[in-house]
Amino acid sequence: MDGWYVDDRCTNCDVARQFAPELIGEVDGKSRILRRPADEAENRRLHAAVFACQTRSIRPVTGRVDRSLDPFPLALDDGVLICGHNSTHTAGANAYLLLRPSGTRMMIDTPRWSRELAGRYTAGGPVTDVLLTHRDHAAHGRRYADHFGARLWIHEGDLDAAPDADRVIRGLEPVEIAEGVTVHPLPGHTRGSVLYLADDRYCFSGDSFYWSRTTGDLEVADSVTWHSIEELAASLARTADRLRFEWVLPGHGDRRRLPADEMSRRLRALTERARLLRPRPVDFTAVRW
């Protein structure tokens with residue numbers, strides 16, 4: 001439409017629609033261009049979608065994307081950046097950079113690998129840690145950690161996905177891994193799923209829960225649960241009252257900022273809904289983005 005199209009490699013991962021929902025919509029299980037950008041702000045959002053798309057499926061009919069409009073890493077808030085350049089090896093998961101008061105950074109999950117991108121992610125400060133939320137997002141963890149000279153973290157339940165990790169999270173109790181940063185084991189989506197809570201402000205939830213634009217609420221992807229939906233429900237029940245945050249920043253699904261009290265209320269309500277869920281066959285098309 002109007003000089004842009006989405007090619008047939010689209011996997012309906014929702015990433016592009018998160019950046020430009022007014023310009024890109026879901027039609028018959030794929031992303032489609034709805035209309036051309038109306039102003040420069042919309043053009044910037046469209047290009048964020050272009051450079052985040054894991055399959056590079058959003059293209060101008062000329063075949064040439066203006067690389068000067070690549071916005072990544074892109075600030076979401078004064079303490080967190082989103083990496084963009086999502087990887088097919090992590091099913092298009094979002095990755096983030098958490099900025100610390102010391103001037104250092106922590107990477108949560110990983111974008112696609114390239115030395116040029118790695119240089120961008122350290123342009124504002126060194127990356128000290130690469131924090132994996134679970135096995136599905138481990139693909140480039142070791143490579144980024146080695147390039148940065150950083151520590152690679154994963155939970156013991158998913159250790160076979162990163163057997164050379166430098167730090168192994170064990171058990172079910174929360175652990176402070178750096179000043180202001182706590183890891184909360186949350187088995188369910190996978191056996192070794194965790195979330196990272198930073199400064200009582202940011203919740204990097206991996207694939208344990210996300211913000212759904214369809215329902216306007218926090219949700220779990222019960223149709224894509226590899227380990228146990230009942231265990232995920234138990235993990236939420238054990239953990240929800242320990243969490244206080246404003247931002248939910250998932251691997252898959254949309255991001256959202258709300259007042260901490262409102263987010264706590266919604267997380268408790270999600271915990272109650274999750275108690276009623278039962279196992280079902282894996283069905284990617286059933287995710288309520």
# chains A, B, ... in the order shown; residues from 1 in each chain; ligands from 1

call {"tool": "closest_atom_pairs", "arguments": {"of": "stretch 19-59 of chain A", "to": "stretch 240-256 of chain A", "cutoff": "12 Å", "atoms": "only C-alpha atoms", "output": "JSON lines"}}
result
{"residue": "A:Phe19", "atom": "CA", "partner": "A:Asp254", "partner_atom": "CA", "distance": 9.1}
{"residue": "A:Ala20", "atom": "CA", "partner": "A:Asp254", "partner_atom": "CA", "distance": 11.6}
{"residue": "A:Pro21", "atom": "CA", "partner": "A:Asp254", "partner_atom": "CA", "distance": 10.7}

call {"tool": "write_last_selection", "arguments": {"atoms": "all heavy atoms", "output": "JSON list (two decimals), in the first residue's frame"}}
result
[["chain", "number", "residue", "atom", "x", "y", "z"],
["A", 19, "PHE", "N", 5.19, -1.53, 17.33],
["A", 19, "PHE", "CA", 5.82, -0.23, 17.08],
["A", 19, "PHE", "C", 4.92, 0.71, 16.30],
["A", 19, "PHE", "O", 5.00, 1.93, 16.49],
["A", 19, "PHE", "CB", 7.14, -0.43, 16.32],
["A", 19, "PHE", "CG", 8.25, -0.97, 17.16],
["A", 19, "PHE", "CD1", 8.59, -2.31, 17.11],
["A", 19, "PHE", "CD2", 8.96, -0.14, 18.02],
["A", 19, "PHE", "CE1", 9.61, -2.82, 17.91],
["A", 19, "PHE", "CE2", 9.98, -0.64, 18.81],
["A", 19, "PHE", "CZ", 10.31, -1.98, 18.75],
["A", 20, "ALA", "N", 4.08, 0.18, 15.42],
["A", 20, "ALA", "CA", 3.26, 1.05, 14.56],
["A", 20, "ALA", "C", 1.86, 0.46, 14.40],
["A", 20, "ALA", "O", 1.43, 0.12, 13.29],
["A", 20, "ALA", "CB", 3.93, 1.22, 13.20],
["A", 21, "PRO", "N", 1.09, 0.34, 15.50],
["A", 21, "PRO", "CA", -0.22, -0.32, 15.41],
["A", 21, "PRO", "C", -1.22, 0.42, 14.55],
["A", 21, "PRO", "O", -2.17, -0.18, 14.04],
["A", 21, "PRO", "CB", -0.68, -0.38, 16.88],
["A", 21, "PRO", "CG", 0.06, 0.72, 17.57],
["A", 21, "PRO", "CD", 1.39, 0.78, 16.88]]

call {"tool": "select_by_dssp", "arguments": {"residues": "stretch 27-210 of chain A", "states": "alpha helix (DSSP H)", "output": "short mmCIF file (atom, residue, chain, number, x, y, z; two decimals) with N, CA, C and O atoms, in the first residue's frame"}}
result
data_model
loop_
_atom_site.label_atom_id
_atom_site.label_comp_id
_atom_site.auth_asym_id
_atom_site.auth_seq_id
_atom_site.Cartn_x
_atom_site.Cartn_y
_atom_site.Cartn_z
N GLU A 40 5.93 12.83 10.03
CA GLU A 40 7.28 12.34 10.31
C GLU A 40 7.30 11.41 11.51
O GLU A 40 8.05 10.43 11.53
N ALA A 41 6.47 11.68 12.52
CA ALA A 41 6.43 10.80 13.70
C ALA A 41 5.97 9.40 13.30
O ALA A 41 6.53 8.39 13.75
N GLU A 42 4.94 9.33 12.47
CA GLU A 42 4.47 8.01 12.00
C GLU A 42 5.52 7.35 11.11
O GLU A 42 5.67 6.12 11.15
N ASN A 43 6.23 8.13 10.32
CA ASN A 43 7.28 7.55 9.48
C ASN A 43 8.38 6.93 10.35
O ASN A 43 8.91 5.86 10.02
N ARG A 44 8.70 7.58 11.47
CA ARG A 44 9.70 7.02 12.38
C ARG A 44 9.20 5.73 13.00
O ARG A 44 9.97 4.76 13.14
N ARG A 45 7.92 5.67 13.35
CA ARG A 45 7.38 4.45 13.93
C ARG A 45 7.36 3.31 12.90
O ARG A 45 7.63 2.16 13.24
N LEU A 46 7.03 3.65 11.67
CA LEU A 46 7.06 2.63 10.62
C LEU A 46 8.46 2.06 10.46
O LEU A 46 8.65 0.84 10.36
N HIS A 47 9.47 2.92 10.48
CA HIS A 47 10.84 2.43 10.31
C HIS A 47 11.32 1.66 11.53
O HIS A 47 12.16 0.75 11.41
N ALA A 48 10.81 1.98 12.72
CA ALA A 48 11.12 1.14 13.87
C ALA A 48 10.60 -0.27 13.63
O ALA A 48 11.29 -1.27 13.91
N ALA A 49 9.39 -0.37 13.09
CA ALA A 49 8.84 -1.69 12.76
C ALA A 49 9.69 -2.39 11.71
O ALA A 49 9.96 -3.60 11.81
N VAL A 50 10.13 -1.65 10.71
CA VAL A 50 10.96 -2.21 9.64
C VAL A 50 12.23 -2.84 10.21
O VAL A 50 12.58 -3.99 9.88
N PHE A 51 12.91 -2.13 11.09
CA PHE A 51 14.20 -2.59 11.58
C PHE A 51 14.09 -3.51 12.79
O PHE A 51 15.10 -4.08 13.22
N ALA A 52 12.88 -3.70 13.31
CA ALA A 52 12.68 -4.70 14.36
C ALA A 52 12.27 -6.04 13.78
O ALA A 52 12.59 -7.10 14.35
N ARG A 115 28.37 -7.64 14.81
CA ARG A 115 29.35 -6.80 15.50
C ARG A 115 28.95 -5.33 15.45
O ARG A 115 29.17 -4.58 16.39
N GLU A 116 28.37 -4.94 14.32
CA GLU A 116 27.96 -3.54 14.20
C GLU A 116 26.89 -3.21 15.23
O GLU A 116 26.95 -2.17 15.90
N LEU A 117 25.91 -4.10 15.41
CA LEU A 117 24.88 -3.88 16.42
C LEU A 117 25.47 -3.90 17.82
O LEU A 117 25.12 -3.06 18.67
N ALA A 118 26.37 -4.84 18.07
CA ALA A 118 26.99 -4.91 19.39
C ALA A 118 27.68 -3.61 19.74
O ALA A 118 27.64 -3.14 20.88
N GLY A 119 28.30 -2.99 18.73
CA GLY A 119 28.93 -1.70 18.96
C GLY A 119 27.94 -0.61 19.32
O GLY A 119 28.20 0.25 20.17
N ARG A 120 26.78 -0.65 18.69
CA ARG A 120 25.74 0.33 19.03
C ARG A 120 25.27 0.17 20.47
O ARG A 120 25.02 1.15 21.17
N TYR A 121 25.13 -1.09 20.91
CA TYR A 121 24.56 -1.33 22.22
C TYR A 121 25.52 -0.93 23.35
O TYR A 121 25.08 -0.73 24.48
N GLY A 141 23.18 -15.48 23.19
CA GLY A 141 23.64 -15.02 24.49
C GLY A 141 25.13 -15.11 24.68
O GLY A 141 25.79 -14.16 25.12
N ARG A 142 25.70 -16.28 24.36
CA ARG A 142 27.14 -16.46 24.58
C ARG A 142 27.95 -15.53 23.68
O ARG A 142 28.96 -14.96 24.12
N ARG A 143 27.50 -15.35 22.46
CA ARG A 143 28.27 -14.51 21.53
C ARG A 143 28.28 -13.06 21.98
O ARG A 143 29.32 -12.40 21.96
N TYR A 144 27.12 -12.56 22.41
CA TYR A 144 27.08 -11.19 22.91
C TYR A 144 27.89 -11.06 24.20
O TYR A 144 28.65 -10.09 24.39
N ALA A 145 27.74 -12.01 25.11
CA ALA A 145 28.47 -11.93 26.37
C ALA A 145 29.98 -11.92 26.13
O ALA A 145 30.72 -11.13 26.75
N ASP A 146 30.44 -12.78 25.23
CA ASP A 146 31.88 -12.82 24.94
C ASP A 146 32.35 -11.52 24.30
O ASP A 146 33.44 -11.01 24.63
N HIS A 147 31.55 -10.99 23.41
CA HIS A 147 31.94 -9.73 22.76
C HIS A 147 32.02 -8.60 23.78
O HIS A 147 32.95 -7.78 23.74
N PHE A 148 31.06 -8.55 24.69
CA PHE A 148 31.03 -7.49 25.70
C PHE A 148 32.01 -7.72 26.84
O PHE A 148 32.30 -6.80 27.60
#

call {"tool": "residues_around", "arguments": {"residues": "A:Pro73", "least_positions_apart": "4", "cutoff": "6 Å", "atoms": "only C-alpha atoms", "output": "list in words"}}
result
Leu81, Ile82 and Cys83 of chain A

call {"tool": "closest_residue", "arguments": {"among": "A:Cys10, A:Val130, A:Ala237, A:Ala165", "to": "A:Asp28", "atoms": "only C-alpha atoms"}}
result
A:Cys10

call {"tool": "residues_around", "arguments": {"residues": "A:Arg36", "least_positions_apart": "5", "cutoff": "10 Å", "atoms": "only C-alpha atoms", "output": "list in words"}}
result
Met1, Asp2, Gly3, Trp4, Glu22, Leu23, Ile24, Glu42, Asn43 and Leu46 of chain A

call {"tool": "closest_residue", "arguments": {"among": "A:Arg67, A:His227, A:His137, A:Arg105", "to": "A:Gly157", "atoms": "only C-alpha atoms"}}
result
A:His227

call {"tool": "atom_distance", "arguments": {"atom1": "atom CA of A:Pro111", "atom2": "atom CA of A:Gly84"}}
result
6.6 Å

call {"tool": "closest_atom_pairs", "arguments": {"of": "stretch 46-127 of chain A", "to": "stretch 180-188 of chain A", "cutoff": "12 Å", "atoms": "only C-alpha atoms", "output": "Markdown table"}}
result
| residue | atom | partner | partner_atom | distance |
| --- | --- | --- | --- | --- |
| A:Leu98 | CA | A:Val181 | CA | 9.8 |
| A:Leu99 | CA | A:Val181 | CA | 11.1 |
| A:Arg100 | CA | A:Gly180 | CA | 8.9 |
| A:Pro101 | CA | A:Gly180 | CA | 9.9 |
| A:Ser102 | CA | A:Gly180 | CA | 11.8 |
| A:Arg105 | CA | A:Val181 | CA | 11.8 |
| A:Met106 | CA | A:Val181 | CA | 10.0 |
| A:Ile108 | CA | A:Val183 | CA | 11.5 |

call {"tool": "write_last_selection", "arguments": {"atoms": "N, CA and C atoms", "output": "compact mmCIF listing (two decimals), in the first residue's frame"}}
result
# COMPACT_ATOMS: atom_id res chain seq x y z
N LEU A 98 19.05 -2.41 29.99
CA LEU A 98 18.72 -1.77 31.26
C LEU A 98 19.90 -0.90 31.67
N LEU A 99 19.66 0.40 31.84
CA LEU A 99 20.73 1.34 32.17
C LEU A 99 20.87 1.43 33.69
N ARG A 100 22.11 1.34 34.17
CA ARG A 100 22.36 1.36 35.60
C ARG A 100 22.99 2.69 36.03
N PRO A 101 22.82 3.08 37.29
CA PRO A 101 23.36 4.36 37.77
C PRO A 101 24.87 4.50 37.58
N SER A 102 25.56 3.37 37.53
CA SER A 102 27.02 3.40 37.37
C SER A 102 27.45 3.78 35.95
N ARG A 105 25.41 -1.11 31.59
CA ARG A 105 24.15 -1.60 31.04
C ARG A 105 24.06 -3.11 31.25
N MET A 106 22.83 -3.59 31.31
CA MET A 106 22.55 -5.02 31.29
C MET A 106 21.66 -5.29 30.09
N ILE A 108 18.90 -7.72 28.42
CA ILE A 108 17.94 -8.75 28.77
C ILE A 108 17.47 -9.41 27.49

call {"tool": "closest_residue", "arguments": {"among": "A:Asp158, A:Val220, A:Arg151, A:Phe204", "to": "A:Arg191", "atoms": "only C-alpha atoms"}}
result
A:Asp158

call {"tool": "residues_around", "arguments": {"residues": "A:Gly92", "least_positions_apart": "4", "cutoff": "9 Å", "atoms": "only C-alpha atoms", "output": "PyMOL selection string"}}
result
chain A and resi 11+13-15+52-55+85-88+111-112+251-252

call {"tool": "write_last_selection", "arguments": {"atoms": "N, CA and C atoms", "output": "JSON list (two decimals), in the first residue's frame"}}
result
[["chain", "number", "residue", "atom", "x", "y", "z"],
["A", 11, "THR", "N", 5.77, -14.03, 10.00],
["A", 11, "THR", "CA", 5.38, -15.12, 10.90],
["A", 11, "THR", "C", 4.29, -14.70, 11.87],
["A", 13, "CYS", "N", 4.47, -12.49, 14.26],
["A", 13, "CYS", "CA", 5.05, -12.43, 15.61],
["A", 13, "CYS", "C", 4.58, -11.21, 16.40],
["A", 14, "ASP", "N", 3.95, -10.23, 15.74],
["A", 14, "ASP", "CA", 3.36, -9.04, 16.35],
["A", 14, "ASP", "C", 4.35, -7.92, 16.59],
["A", 15, "VAL", "N", 5.64, -8.14, 16.40],
["A", 15, "VAL", "CA", 6.63, -7.12, 16.74],
["A", 15, "VAL", "C", 6.38, -5.82, 15.99],
["A", 52, "ALA", "N", 12.88, -3.70, 13.31],
["A", 52, "ALA", "CA", 12.68, -4.70, 14.36],
["A", 52, "ALA", "C", 12.27, -6.04, 13.78],
["A", 53, "CYS", "N", 11.57, -6.04, 12.67],
["A", 53, "CYS", "CA", 11.00, -7.27, 12.08],
["A", 53, "CYS", "C", 12.06, -8.35, 11.92],
["A", 54, "GLN", "N", 11.78, -9.53, 12.49],
["A", 54, "GLN", "CA", 12.77, -10.60, 12.46],
["A", 54, "GLN", "C", 13.05, -11.13, 11.06],
["A", 55, "THR", "N", 12.05, -11.10, 10.17],
["A", 55, "THR", "CA", 12.24, -11.63, 8.82],
["A", 55, "THR", "C", 12.49, -10.54, 7.78],
["A", 85, "HIS", "N", 15.97, -5.07, 15.97],
["A", 85, "HIS", "CA", 16.72, -6.09, 15.22],
["A", 85, "HIS", "C", 16.49, -7.49, 15.79],
["A", 86, "ASN", "N", 15.21, -7.83, 15.93],
["A", 86, "ASN", "CA", 14.83, -9.11, 16.53],
["A", 86, "ASN", "C", 15.32, -10.26, 15.66],
["A", 87, "SER", "N", 15.57, -11.39, 16.30],
["A", 87, "SER", "CA", 16.23, -12.52, 15.64],
["A", 87, "SER", "C", 15.25, -13.65, 15.34],
["A", 88, "THR", "N", 15.41, -14.25, 14.17],
["A", 88, "THR", "CA", 14.62, -15.45, 13.85],
["A", 88, "THR", "C", 14.98, -16.60, 14.77],
["A", 111, "PRO", "N", 19.05, -9.57, 20.78],
["A", 111, "PRO", "CA", 18.65, -9.32, 19.40],
["A", 111, "PRO", "C", 19.47, -10.21, 18.46],
["A", 112, "ARG", "N", 19.28, -10.04, 17.17],
["A", 112, "ARG", "CA", 20.12, -10.78, 16.22],
["A", 112, "ARG", "C", 21.57, -10.38, 16.43],
["A", 251, "GLY", "N", 9.23, -10.61, 26.32],
["A", 251, "GLY", "CA", 9.89, -11.03, 25.10],
["A", 251, "GLY", "C", 8.93, -11.02, 23.93],
["A", 252, "HIS", "N", 7.80, -11.68, 24.11],
["A", 252, "HIS", "CA", 6.74, -11.71, 23.10],
["A", 252, "HIS", "C", 5.50, -11.05, 23.68]]

call {"tool": "atom_distance", "arguments": {"atom1": "atom CA of A:Leu218", "atom2": "atom CA of A:Trp153"}}
result
26.0 Å

call {"tool": "residues_around", "arguments": {"residues": "A:Ala233", "least_positions_apart": "5", "cutoff": "9 Å", "atoms": "only C-alpha atoms", "output": "list of chain:residue names"}}
result
A:Gly188, A:Ser228, A:Arg238, A:Thr271, A:Glu272, A:Arg273, A:Ala274, A:Arg275, A:Leu276, A:Leu277

call {"tool": "write_last_selection", "arguments": {"atoms": "N, CA and C atoms", "output": "CSV table (one decimal), in the first residue's frame"}}
result
chain,number,residue,atom,x,y,z
A,188,GLY,N,7.2,-22.4,34.2
A,188,GLY,CA,5.8,-22.6,33.6
A,188,GLY,C,5.9,-22.5,32.1
A,228,SER,N,4.5,-26.2,31.6
A,228,SER,CA,3.3,-26.5,32.4
A,228,SER,C,2.5,-25.2,32.7
A,238,ARG,N,2.8,-17.6,43.7
A,238,ARG,CA,3.9,-17.5,44.7
A,238,ARG,C,4.6,-16.1,44.6
A,271,THR,N,-3.3,-13.6,38.0
A,271,THR,CA,-3.0,-14.8,38.8
A,271,THR,C,-4.3,-15.6,39.1
A,272,GLU,N,-5.3,-14.9,39.4
A,272,GLU,CA,-6.6,-15.6,39.6
A,272,GLU,C,-7.1,-16.2,38.4
A,273,ARG,N,-7.0,-15.6,37.2
A,273,ARG,CA,-7.4,-16.1,36.0
A,273,ARG,C,-6.6,-17.3,35.6
A,274,ALA,N,-5.3,-17.3,35.9
A,274,ALA,CA,-4.4,-18.3,35.5
A,274,ALA,C,-4.7,-19.6,36.3
A,275,ARG,N,-5.3,-19.5,37.5
A,275,ARG,CA,-5.6,-20.7,38.2
A,275,ARG,C,-6.6,-21.6,37.5
A,276,LEU,N,-7.4,-21.0,36.6
A,276,LEU,CA,-8.5,-21.7,35.9
A,276,LEU,C,-8.0,-22.4,34.6
A,277,LEU,N,-6.8,-22.1,34.2
A,277,LEU,CA,-6.3,-22.6,32.9
A,277,LEU,C,-5.9,-24.0,33.0

call {"tool": "closest_atom_pairs", "arguments": {"of": "stretch 223-264 of chain A", "to": "stretch 166-172 of chain A", "cutoff": "12 Å", "atoms": "only C-alpha atoms", "output": "CSV"}}
result
residue,atom,partner,partner_atom,distance
A:Glu231,CA,A:Leu172,CA,11.9
A:Ala234,CA,A:Leu172,CA,11.4
A:Ser235,CA,A:Leu172,CA,8.8
A:Leu236,CA,A:Leu172,CA,11.8
A:Arg238,CA,A:Leu172,CA,9.5
A:Thr239,CA,A:Leu172,CA,9.7

call {"tool": "write_last_selection", "arguments": {"atoms": "all heavy atoms", "output": "CSV table (one decimal), in the first residue's frame"}}
result
chain,number,residue,atom,x,y,z
A,231,GLU,N,2.0,-25.1,36.4
A,231,GLU,CA,3.1,-24.6,37.2
A,231,GLU,C,3.3,-23.1,37.0
A,231,GLU,O,3.7,-22.4,37.9
A,231,GLU,CB,4.4,-25.3,36.8
A,231,GLU,CG,5.5,-25.1,37.7
A,231,GLU,CD,6.6,-26.1,37.6
A,231,GLU,OE1,6.4,-27.2,37.0
A,231,GLU,OE2,7.7,-25.9,38.2
A,234,ALA,N,1.0,-21.5,39.4
A,234,ALA,CA,1.5,-21.6,40.8
A,234,ALA,C,2.7,-20.6,41.0
A,234,ALA,O,2.8,-20.0,42.0
A,234,ALA,CB,2.0,-23.1,41.0
A,235,SER,N,3.5,-20.4,39.9
A,235,SER,CA,4.6,-19.5,40.0
A,235,SER,C,4.0,-18.1,40.2
A,235,SER,O,4.6,-17.3,41.0
A,235,SER,CB,5.4,-19.5,38.7
A,235,SER,OG,6.1,-20.8,38.6
A,236,LEU,N,3.0,-17.7,39.5
A,236,LEU,CA,2.4,-16.4,39.6
A,236,LEU,C,1.8,-16.2,41.0
A,236,LEU,O,2.0,-15.2,41.6
A,236,LEU,CB,1.3,-16.2,38.6
A,236,LEU,CG,1.8,-16.0,37.1
A,236,LEU,CD1,0.6,-16.0,36.2
A,236,LEU,CD2,2.5,-14.7,37.0
A,238,ARG,N,2.8,-17.6,43.7
A,238,ARG,CA,3.9,-17.5,44.7
A,238,ARG,C,4.6,-16.1,44.6
A,238,ARG,O,5.1,-15.6,45.6
A,238,ARG,CB,4.9,-18.6,44.4
A,238,ARG,CG,6.1,-18.7,45.4
A,238,ARG,CD,7.1,-19.7,45.0
A,238,ARG,NE,7.8,-19.3,43.8
A,238,ARG,CZ,7.7,-19.9,42.6
A,238,ARG,NH1,6.8,-20.9,42.5
A,238,ARG,NH2,8.3,-19.5,41.5
A,239,THR,N,4.6,-15.5,43.4
A,239,THR,CA,5.4,-14.4,43.1
A,239,THR,C,4.7,-13.1,43.1
A,239,THR,O,5.3,-12.0,43.3
A,239,THR,CB,6.2,-14.6,41.8
A,239,THR,OG1,6.9,-15.9,41.8
A,239,THR,CG2,7.2,-13.5,41.5

call {"tool": "closest_residue", "arguments": {"among": "A:Tyr96, A:Ala198, A:Asp78, A:Ala162", "to": "A:Val175", "atoms": "only C-alpha atoms"}}
result
A:Ala198

call {"tool": "closest_residue", "arguments": {"among": "A:Gly149, A:Arg288, A:Glu179, A:Ile154", "to": "A:Gly216", "atoms": "only C-alpha atoms"}}
result
A:Arg288

call {"tool": "decode", "arguments": {"residues": "stretch 72-86 of chain A", "atoms": "N, CA, C and O atoms", "output": "mmCIF file, in the first residue's frame"}}
result
data_model
loop_
_atom_site.group_PDB
_atom_site.id
_atom_site.type_symbol
_atom_site.label_atom_id
_atom_site.label_comp_id
_atom_site.auth_asym_id
_atom_site.auth_seq_id
_atom_site.Cartn_x
_atom_site.Cartn_y
_atom_site.Cartn_z
ATOM 1 N N PHE A 72 17.387 2.131 16.411
ATOM 2 C CA PHE A 72 17.788 1.283 17.535
ATOM 3 C C PHE A 72 19.261 1.409 17.888
ATOM 4 O O PHE A 72 20.089 1.605 17.014
ATOM 5 N N PRO A 73 19.522 1.292 19.247
ATOM 6 C CA PRO A 73 18.584 1.056 20.345
ATOM 7 C C PRO A 73 17.718 2.284 20.615
ATOM 8 O O PRO A 73 18.197 3.408 20.552
ATOM 9 N N LEU A 74 16.463 2.032 20.957
ATOM 10 C CA LEU A 74 15.454 3.084 21.072
ATOM 11 C C LEU A 74 15.029 3.228 22.529
ATOM 12 O O LEU A 74 14.661 2.239 23.173
ATOM 13 N N ALA A 75 15.066 4.445 23.046
ATOM 14 C CA ALA A 75 14.687 4.679 24.439
ATOM 15 C C ALA A 75 13.186 4.510 24.615
ATOM 16 O O ALA A 75 12.386 5.113 23.890
ATOM 17 N N LEU A 76 12.800 3.677 25.597
ATOM 18 C CA LEU A 76 11.407 3.549 26.008
ATOM 19 C C LEU A 76 11.114 4.423 27.218
ATOM 20 O O LEU A 76 9.976 4.824 27.444
ATOM 21 N N ASP A 77 12.153 4.688 27.984
ATOM 22 C CA ASP A 77 12.054 5.421 29.239
ATOM 23 C C ASP A 77 13.476 5.892 29.538
ATOM 24 O O ASP A 77 14.422 5.553 28.818
ATOM 25 N N ASP A 78 13.663 6.633 30.619
ATOM 26 C CA ASP A 78 15.014 7.113 30.904
ATOM 27 C C ASP A 78 15.935 6.011 31.430
ATOM 28 O O ASP A 78 17.143 6.223 31.531
ATOM 29 N N GLY A 79 15.394 4.837 31.728
ATOM 30 C CA GLY A 79 16.231 3.763 32.252
ATOM 31 C C GLY A 79 16.291 2.515 31.414
ATOM 32 O O GLY A 79 16.970 1.548 31.788
ATOM 33 N N VAL A 80 15.602 2.492 30.269
ATOM 34 C CA VAL A 80 15.583 1.260 29.478
ATOM 35 C C VAL A 80 15.472 1.587 27.994
ATOM 36 O O VAL A 80 14.778 2.519 27.589
ATOM 37 N N LEU A 81 16.202 0.811 27.193
ATOM 38 C CA LEU A 81 16.174 0.898 25.738
ATOM 39 C C LEU A 81 15.696 -0.439 25.189
ATOM 40 O O LEU A 81 15.945 -1.489 25.782
ATOM 41 N N ILE A 82 15.031 -0.406 24.039
ATOM 42 C CA ILE A 82 14.708 -1.643 23.346
ATOM 43 C C ILE A 82 15.695 -1.800 22.197
ATOM 44 O O ILE A 82 16.037 -0.834 21.502
ATOM 45 N N CYS A 83 16.195 -3.021 22.022
ATOM 46 C CA CYS A 83 17.307 -3.250 21.095
ATOM 47 C C CYS A 83 16.880 -3.258 19.638
ATOM 48 O O CYS A 83 17.677 -2.911 18.758
ATOM 49 N N GLY A 84 15.631 -3.696 19.337
ATOM 50 C CA GLY A 84 15.235 -3.873 17.946
ATOM 51 C C GLY A 84 16.013 -5.007 17.308
ATOM 52 O O GLY A 84 16.619 -5.834 17.984
ATOM 53 N N HIS A 85 15.966 -5.074 15.968
ATOM 54 C CA HIS A 85 16.716 -6.086 15.215
ATOM 55 C C HIS A 85 16.486 -7.487 15.791
ATOM 56 O O HIS A 85 17.418 -8.230 16.100
ATOM 57 N N ASN A 86 15.209 -7.830 15.932
ATOM 58 C CA ASN A 86 14.833 -9.108 16.526
ATOM 59 C C ASN A 86 15.324 -10.260 15.660
ATOM 60 O O ASN A 86 15.458 -10.133 14.444
#
